[in-house]
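Worksheet: one structure, shown below.
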Amino acid sequence: MARRNLPPLRALQAFEAAARLGSFRLASEELAVTRSAVSHQIRQLEETLGVTLFRRDKQRPDLTEAGHDYYPVLRDAFDQIEAKTRAIKPPPENVELVVQVYVTVALKWLIPRLHDFERRCPEIKMRLSTTSIGWDFERGEVDAAFLLVRRKTPGLHYQRLFPGLLSPVCSPDLLSGDAPLRSPADVARHRLIRVLGADEDWRVWLDAHGIDSRIIEDGPIYDSYLLAQEAAIDGRGIAMSLSPFAEDELRLGRLVRPFTPGVRHVRDWYFVCEGAERSQPKIRKFEAWLREQAAADPAIAALLAEQAQADRPA
């Protein structure tokens with residue numbers, strides 16, 4: 001039987017990952033190698049094939065015509081190998097992981113990404129808890145949490161993910177009309193929509209702009225940021241968003257950010273768990289995955305870059 005004439009497997013993996021993720025950096029993180037190693041392996045594949053697979057004259061590498069032709073074949077082959085490997089392996093013991101998270105964060109950021117975690121860790125069964133009261137690590141009700149944190153509790157493990165950034169959002173209709181939003185002071189002529197238990201958000205933003213925070217006292221109150229955003233979409237006032245959890249509505253034009261950049265919250269976003277439980281495989285895997293997702297989110301990167309630019313001295 002003739003010997004198979006195949007390119008190196010690592011080079012094929014590097015190309016498939018970079019093509020699927022649209023980034024050499026993300027491919028390097030997935031494959032646990034350096035970015036330069038991914039680039040070298042793809043160059044090696046291109047030399048083996050005698051064609052160019054990526055255009056490298058842009059910040060984001062684009063597939064060439066040959067790359068577009070080659071990628072689906074490799075993607076399907078790796079998908080079949082992965083599926084068959086999972087099918088023939090003995091079924092793993094199901095492990096439940098309960099994560100406490102705000103409902104807005106769950107719907108607007110975490111759930112759309114969970115398929116990736118489930119693909120990588122099929123033995124872990126995720127359960128999200130979005131209750132706003134009554135949960136506790138000590139009673140064993142949750143294993144981990146993804147939260148805004150200001151004060152840290154002794155005995156818990158905290159991994160900072162990204163800073164909290166505050167940005168008012170509103171219907172595009174409020175940019176014009178009888179009381180158009182042209183400067184931060186103009187918010188005083190509109191109802192400021194509040195989230196129950198989070199009046200601090202508006203106070204931080206108003207104080208940063210030198211505006212009397214007492215103007216928030218007459219605004220309507222909703223149980224979640226999600227409901228507050230929906231009220232803003234309906235033109236009922238201006239809501240405060242905690243980036244990057246209004247990105248879908250902003251991209252679709254249902255909401256706009258009338259003022260940029262955002263203002264740093266006094267709280268940051270953290271992964272939290274019991275310190276003594278951090279070494280559990282299910283918790284360790286989820287923490288590593290969550291850190292990766294936060295680092296790879298272009299919306300978070302853009303907001304941080306915007307904030308950094310604003311912080312630079314004139």
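Ordered as shown in the structure tokens, chains take letters A, B, and onward, while each chain numbers its residues from 1 and ligands are numbered from 1 in the order shown.
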Quiz prompt | strand (DSSP E) residues, from DSSP on the backbone, in range 54-299 of chain A, as JSON, numbers by chain | solution = {"A": [54, 55, 62, 63, 95, 96, 97, 98, 99, 100, 101, 124, 125, 126, 127, 128, 129, 144, 145, 146, 147, 148, 149, 156, 157, 158, 159, 160, 161, 162, 163, 164, 165, 166, 167, 168, 169, 194, 195, 221, 222, 239, 240, 241, 242, 263, 264, 265, 266, 267, 268, 269, 270, 271, 272, 273, 274]}
Quiz item: Hey, what's within 10 Å of range 171-183 of chain A if we count only C-alpha atoms and toss same-chain stuff fewer than 6 positions away? As JSON, numbers by chain, please?
Solution: {"A": [189, 190, 209, 229, 230, 231, 232, 233, 234, 235, 236, 237, 238, 239, 249, 250, 253, 254, 255, 256, 257, 258, 259]}
Per residue of range 36-148 of chain A within 10 Å of range 282-305 of chain A, what are the shortest atom pair and its distance in Å to one decimal, counting only C-alpha atoms, with rows by chain and residue number, as a tab-separated table?
```
residue	atom	partner	partner_atom	distance
A:Val95	CA	A:Lys282	CA	7.6
A:Glu96	CA	A:Lys282	CA	8.3
A:Leu97	CA	A:Lys282	CA	6.8
A:Val98	CA	A:Ile283	CA	9.6
A:Val99	CA	A:Phe286	CA	9.6
A:Trp109	CA	A:Asp297	CA	9.8
A:Leu110	CA	A:Leu290	CA	9.0
A:Arg113	CA	A:Gln293	CA	8.0
A:Leu114	CA	A:Leu290	CA	9.8
A:Asp116	CA	A:Trp289	CA	9.1
A:Phe117	CA	A:Trp289	CA	7.0
A:Arg120	CA	A:Trp289	CA	9.4
A:Cys121	CA	A:Lys285	CA	8.1
A:Glu123	CA	A:Lys282	CA	9.0
A:Ile124	CA	A:Lys282	CA	6.7
A:Lys125	CA	A:Lys282	CA	9.5
A:Met126	CA	A:Phe286	CA	9.8
A:Asp143	CA	A:Ile283	CA	7.3
A:Ala144	CA	A:Ile283	CA	7.1
A:Ala145	CA	A:Glu287	CA	9.7
A:Phe146	CA	A:Leu290	CA	9.0
```
Quiz prompt | Shell around Gly50 in chain A at 12 Å using only C-alpha atoms, local window under 5 positions removed, as a list in words | solution =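 Contacts, with the query itself left out: Pro7, Ile42, Arg43, Gln44, Leu45, Ala66 and Gly67 of chain A.
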Practice problem: Write down as a PyMOL selection string the residues of range 199-266 of chain A whose backbone DSSP state falls under alpha helix (DSSP H). | Solution: chain A and resi 199-208+225-233+247-252
Quiz item: How many Å lie between CA of Glu16 in chain A and CA of Glu46 in chain A, rounded to one decimal?
Solution: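 Between these atoms lies a distance of 12.8 Å.
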Practice problem: Skip Phe24 in chain A itself and residues of its chain fewer than 6 positions away, then list as an MDAnalysis selection string all residues within 10 Å of it, counting only C-alpha atoms. | Solution: chainID A and resid 14:15 17:18 30 34:39 42 60:61
Quiz item: If we count only C-alpha atoms, what is near range 149-162 of chain A at a cut-off of 6 Å, once residues fewer than 6 positions away on the same chain are taken out, given as a list in words?
Solution: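 Counting only the stated atoms, we get Arg267, Asp268, Trp269, Tyr270, Phe271, Val272, Cys273, Glu274 and Gly275 of chain A.
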Expected file: the selected residues, all heavy atoms, as a PDB file, in the first residue's frame:
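Once everything was written out, this is part.pdb:
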```pdb
ATOM      1  N   ARG A 267     -16.146  49.220  40.586  1.00  0.00           N
ATOM      2  CA  ARG A 267     -16.085  47.761  40.653  1.00  0.00           C
ATOM      3  C   ARG A 267     -15.512  47.206  39.354  1.00  0.00           C
ATOM      4  O   ARG A 267     -15.673  47.802  38.292  1.00  0.00           O
ATOM      5  CB  ARG A 267     -17.482  47.157  40.868  1.00  0.00           C
ATOM      6  CG  ARG A 267     -18.207  47.661  42.107  1.00  0.00           C
ATOM      7  CD  ARG A 267     -19.656  47.185  42.094  1.00  0.00           C
ATOM      8  NE  ARG A 267     -20.411  47.741  43.201  1.00  0.00           N
ATOM      9  CZ  ARG A 267     -20.764  47.049  44.282  1.00  0.00           C
ATOM     10  NH1 ARG A 267     -20.411  45.782  44.386  1.00  0.00           N
ATOM     11  NH2 ARG A 267     -21.460  47.611  45.248  1.00  0.00           N
ATOM     12  N   ASP A 268     -14.850  46.057  39.435  1.00  0.00           N
ATOM     13  CA  ASP A 268     -14.352  45.355  38.263  1.00  0.00           C
ATOM     14  C   ASP A 268     -15.030  43.996  38.160  1.00  0.00           C
ATOM     15  O   ASP A 268     -15.611  43.498  39.124  1.00  0.00           O
ATOM     16  CB  ASP A 268     -12.832  45.164  38.349  1.00  0.00           C
ATOM     17  CG  ASP A 268     -12.061  46.463  38.158  1.00  0.00           C
ATOM     18  OD1 ASP A 268     -12.638  47.417  37.587  1.00  0.00           O
ATOM     19  OD2 ASP A 268     -10.892  46.525  38.580  1.00  0.00           O
ATOM     20  N   TRP A 269     -14.914  43.386  36.991  1.00  0.00           N
ATOM     21  CA  TRP A 269     -15.499  42.067  36.756  1.00  0.00           C
ATOM     22  C   TRP A 269     -14.510  40.979  37.155  1.00  0.00           C
ATOM     23  O   TRP A 269     -13.349  41.008  36.742  1.00  0.00           O
ATOM     24  CB  TRP A 269     -15.889  41.906  35.286  1.00  0.00           C
ATOM     25  CG  TRP A 269     -17.045  42.765  34.900  1.00  0.00           C
ATOM     26  CD1 TRP A 269     -17.004  43.976  34.288  1.00  0.00           C
ATOM     27  CD2 TRP A 269     -18.432  42.477  35.137  1.00  0.00           C
ATOM     28  NE1 TRP A 269     -18.277  44.470  34.115  1.00  0.00           N
ATOM     29  CE2 TRP A 269     -19.180  43.563  34.626  1.00  0.00           C
ATOM     30  CE3 TRP A 269     -19.123  41.416  35.718  1.00  0.00           C
ATOM     31  CZ2 TRP A 269     -20.562  43.615  34.689  1.00  0.00           C
ATOM     32  CZ3 TRP A 269     -20.504  41.462  35.780  1.00  0.00           C
ATOM     33  CH2 TRP A 269     -21.213  42.550  35.264  1.00  0.00           C
ATOM     34  N   TYR A 270     -14.985  40.021  37.947  1.00  0.00           N
ATOM     35  CA  TYR A 270     -14.129  38.967  38.477  1.00  0.00           C
ATOM     36  C   TYR A 270     -14.771  37.597  38.321  1.00  0.00           C
ATOM     37  O   TYR A 270     -16.001  37.462  38.354  1.00  0.00           O
ATOM     38  CB  TYR A 270     -13.881  39.170  39.973  1.00  0.00           C
ATOM     39  CG  TYR A 270     -12.859  40.214  40.327  1.00  0.00           C
ATOM     40  CD1 TYR A 270     -13.215  41.565  40.417  1.00  0.00           C
ATOM     41  CD2 TYR A 270     -11.540  39.866  40.609  1.00  0.00           C
ATOM     42  CE1 TYR A 270     -12.286  42.533  40.765  1.00  0.00           C
ATOM     43  CE2 TYR A 270     -10.604  40.831  40.966  1.00  0.00           C
ATOM     44  CZ  TYR A 270     -10.974  42.149  41.040  1.00  0.00           C
ATOM     45  OH  TYR A 270     -10.061  43.106  41.390  1.00  0.00           O
ATOM     46  N   PHE A 271     -13.905  36.602  38.184  1.00  0.00           N
ATOM     47  CA  PHE A 271     -14.290  35.212  38.428  1.00  0.00           C
ATOM     48  C   PHE A 271     -14.039  34.964  39.904  1.00  0.00           C
ATOM     49  O   PHE A 271     -12.971  35.297  40.430  1.00  0.00           O
ATOM     50  CB  PHE A 271     -13.438  34.265  37.587  1.00  0.00           C
ATOM     51  CG  PHE A 271     -13.595  32.820  37.972  1.00  0.00           C
ATOM     52  CD1 PHE A 271     -14.614  32.054  37.449  1.00  0.00           C
ATOM     53  CD2 PHE A 271     -12.715  32.232  38.876  1.00  0.00           C
ATOM     54  CE1 PHE A 271     -14.775  30.729  37.814  1.00  0.00           C
ATOM     55  CE2 PHE A 271     -12.856  30.903  39.247  1.00  0.00           C
ATOM     56  CZ  PHE A 271     -13.890  30.152  38.711  1.00  0.00           C
ATOM     57  N   VAL A 272     -15.016  34.358  40.599  1.00  0.00           N
ATOM     58  CA  VAL A 272     -14.914  34.160  42.042  1.00  0.00           C
ATOM     59  C   VAL A 272     -15.294  32.723  42.385  1.00  0.00           C
ATOM     60  O   VAL A 272     -16.241  32.164  41.807  1.00  0.00           O
ATOM     61  CB  VAL A 272     -15.848  35.127  42.813  1.00  0.00           C
ATOM     62  CG1 VAL A 272     -15.580  35.043  44.311  1.00  0.00           C
ATOM     63  CG2 VAL A 272     -15.698  36.559  42.315  1.00  0.00           C
ATOM     64  N   CYS A 273     -14.567  32.148  43.313  1.00  0.00           N
ATOM     65  CA  CYS A 273     -14.923  30.830  43.839  1.00  0.00           C
ATOM     66  C   CYS A 273     -14.318  30.687  45.232  1.00  0.00           C
ATOM     67  O   CYS A 273     -13.524  31.527  45.662  1.00  0.00           O
ATOM     68  CB  CYS A 273     -14.435  29.699  42.919  1.00  0.00           C
ATOM     69  SG  CYS A 273     -12.634  29.522  42.864  1.00  0.00           S
ATOM     70  N   GLU A 274     -14.685  29.623  45.931  1.00  0.00           N
ATOM     71  CA  GLU A 274     -14.067  29.328  47.215  1.00  0.00           C
ATOM     72  C   GLU A 274     -12.579  29.035  46.995  1.00  0.00           C
ATOM     73  O   GLU A 274     -12.216  28.251  46.108  1.00  0.00           O
ATOM     74  CB  GLU A 274     -14.727  28.103  47.849  1.00  0.00           C
ATOM     75  CG  GLU A 274     -16.125  28.369  48.380  1.00  0.00           C
ATOM     76  CD  GLU A 274     -16.095  28.868  49.822  1.00  0.00           C
ATOM     77  OE1 GLU A 274     -15.022  29.280  50.293  1.00  0.00           O
ATOM     78  OE2 GLU A 274     -17.164  28.841  50.468  1.00  0.00           O
ATOM     79  N   GLY A 275     -11.722  29.661  47.807  1.00  0.00           N
ATOM     80  CA  GLY A 275     -10.296  29.438  47.649  1.00  0.00           C
ATOM     81  C   GLY A 275      -9.910  27.976  47.755  1.00  0.00           C
ATOM     82  O   GLY A 275      -9.055  27.486  47.000  1.00  0.00           O
TER      83      GLY A 275
END
```
Exercise. Report the distance between CA of Val169 in chain A and CA of Ile211 in chain A in Å, rounded to one decimal place.
Key: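 Taking CA of Val169 in chain A and CA of Ile211 in chain A, their separation equals 17.2 Å.
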Quiz item: Between A:Asp186, A:Asp248, A:Glu47, A:Asp199, which has the minimum distance to Asp218 in chain A (counting only C-alpha atoms)?
Solution: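 Residue with the minimum atom-to-atom distance to Asp218 in chain A: A:Asp199.
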Quiz prompt | Between CA of Thr260 in chain A and CA of Phe245 in chain A, distance in Å (one decimal) | solution =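 It comes out at 15.9 Å.
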Practice problem: Check the smallest atom-to-atom distance from each of A:Val263, A:Ala208, A:Leu165, A:Leu31 to Leu148 in chain A using only C-alpha atoms, then report the winner. | Solution: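 Among the listed residues, A:Leu165 lies closest to Leu148 in chain A.
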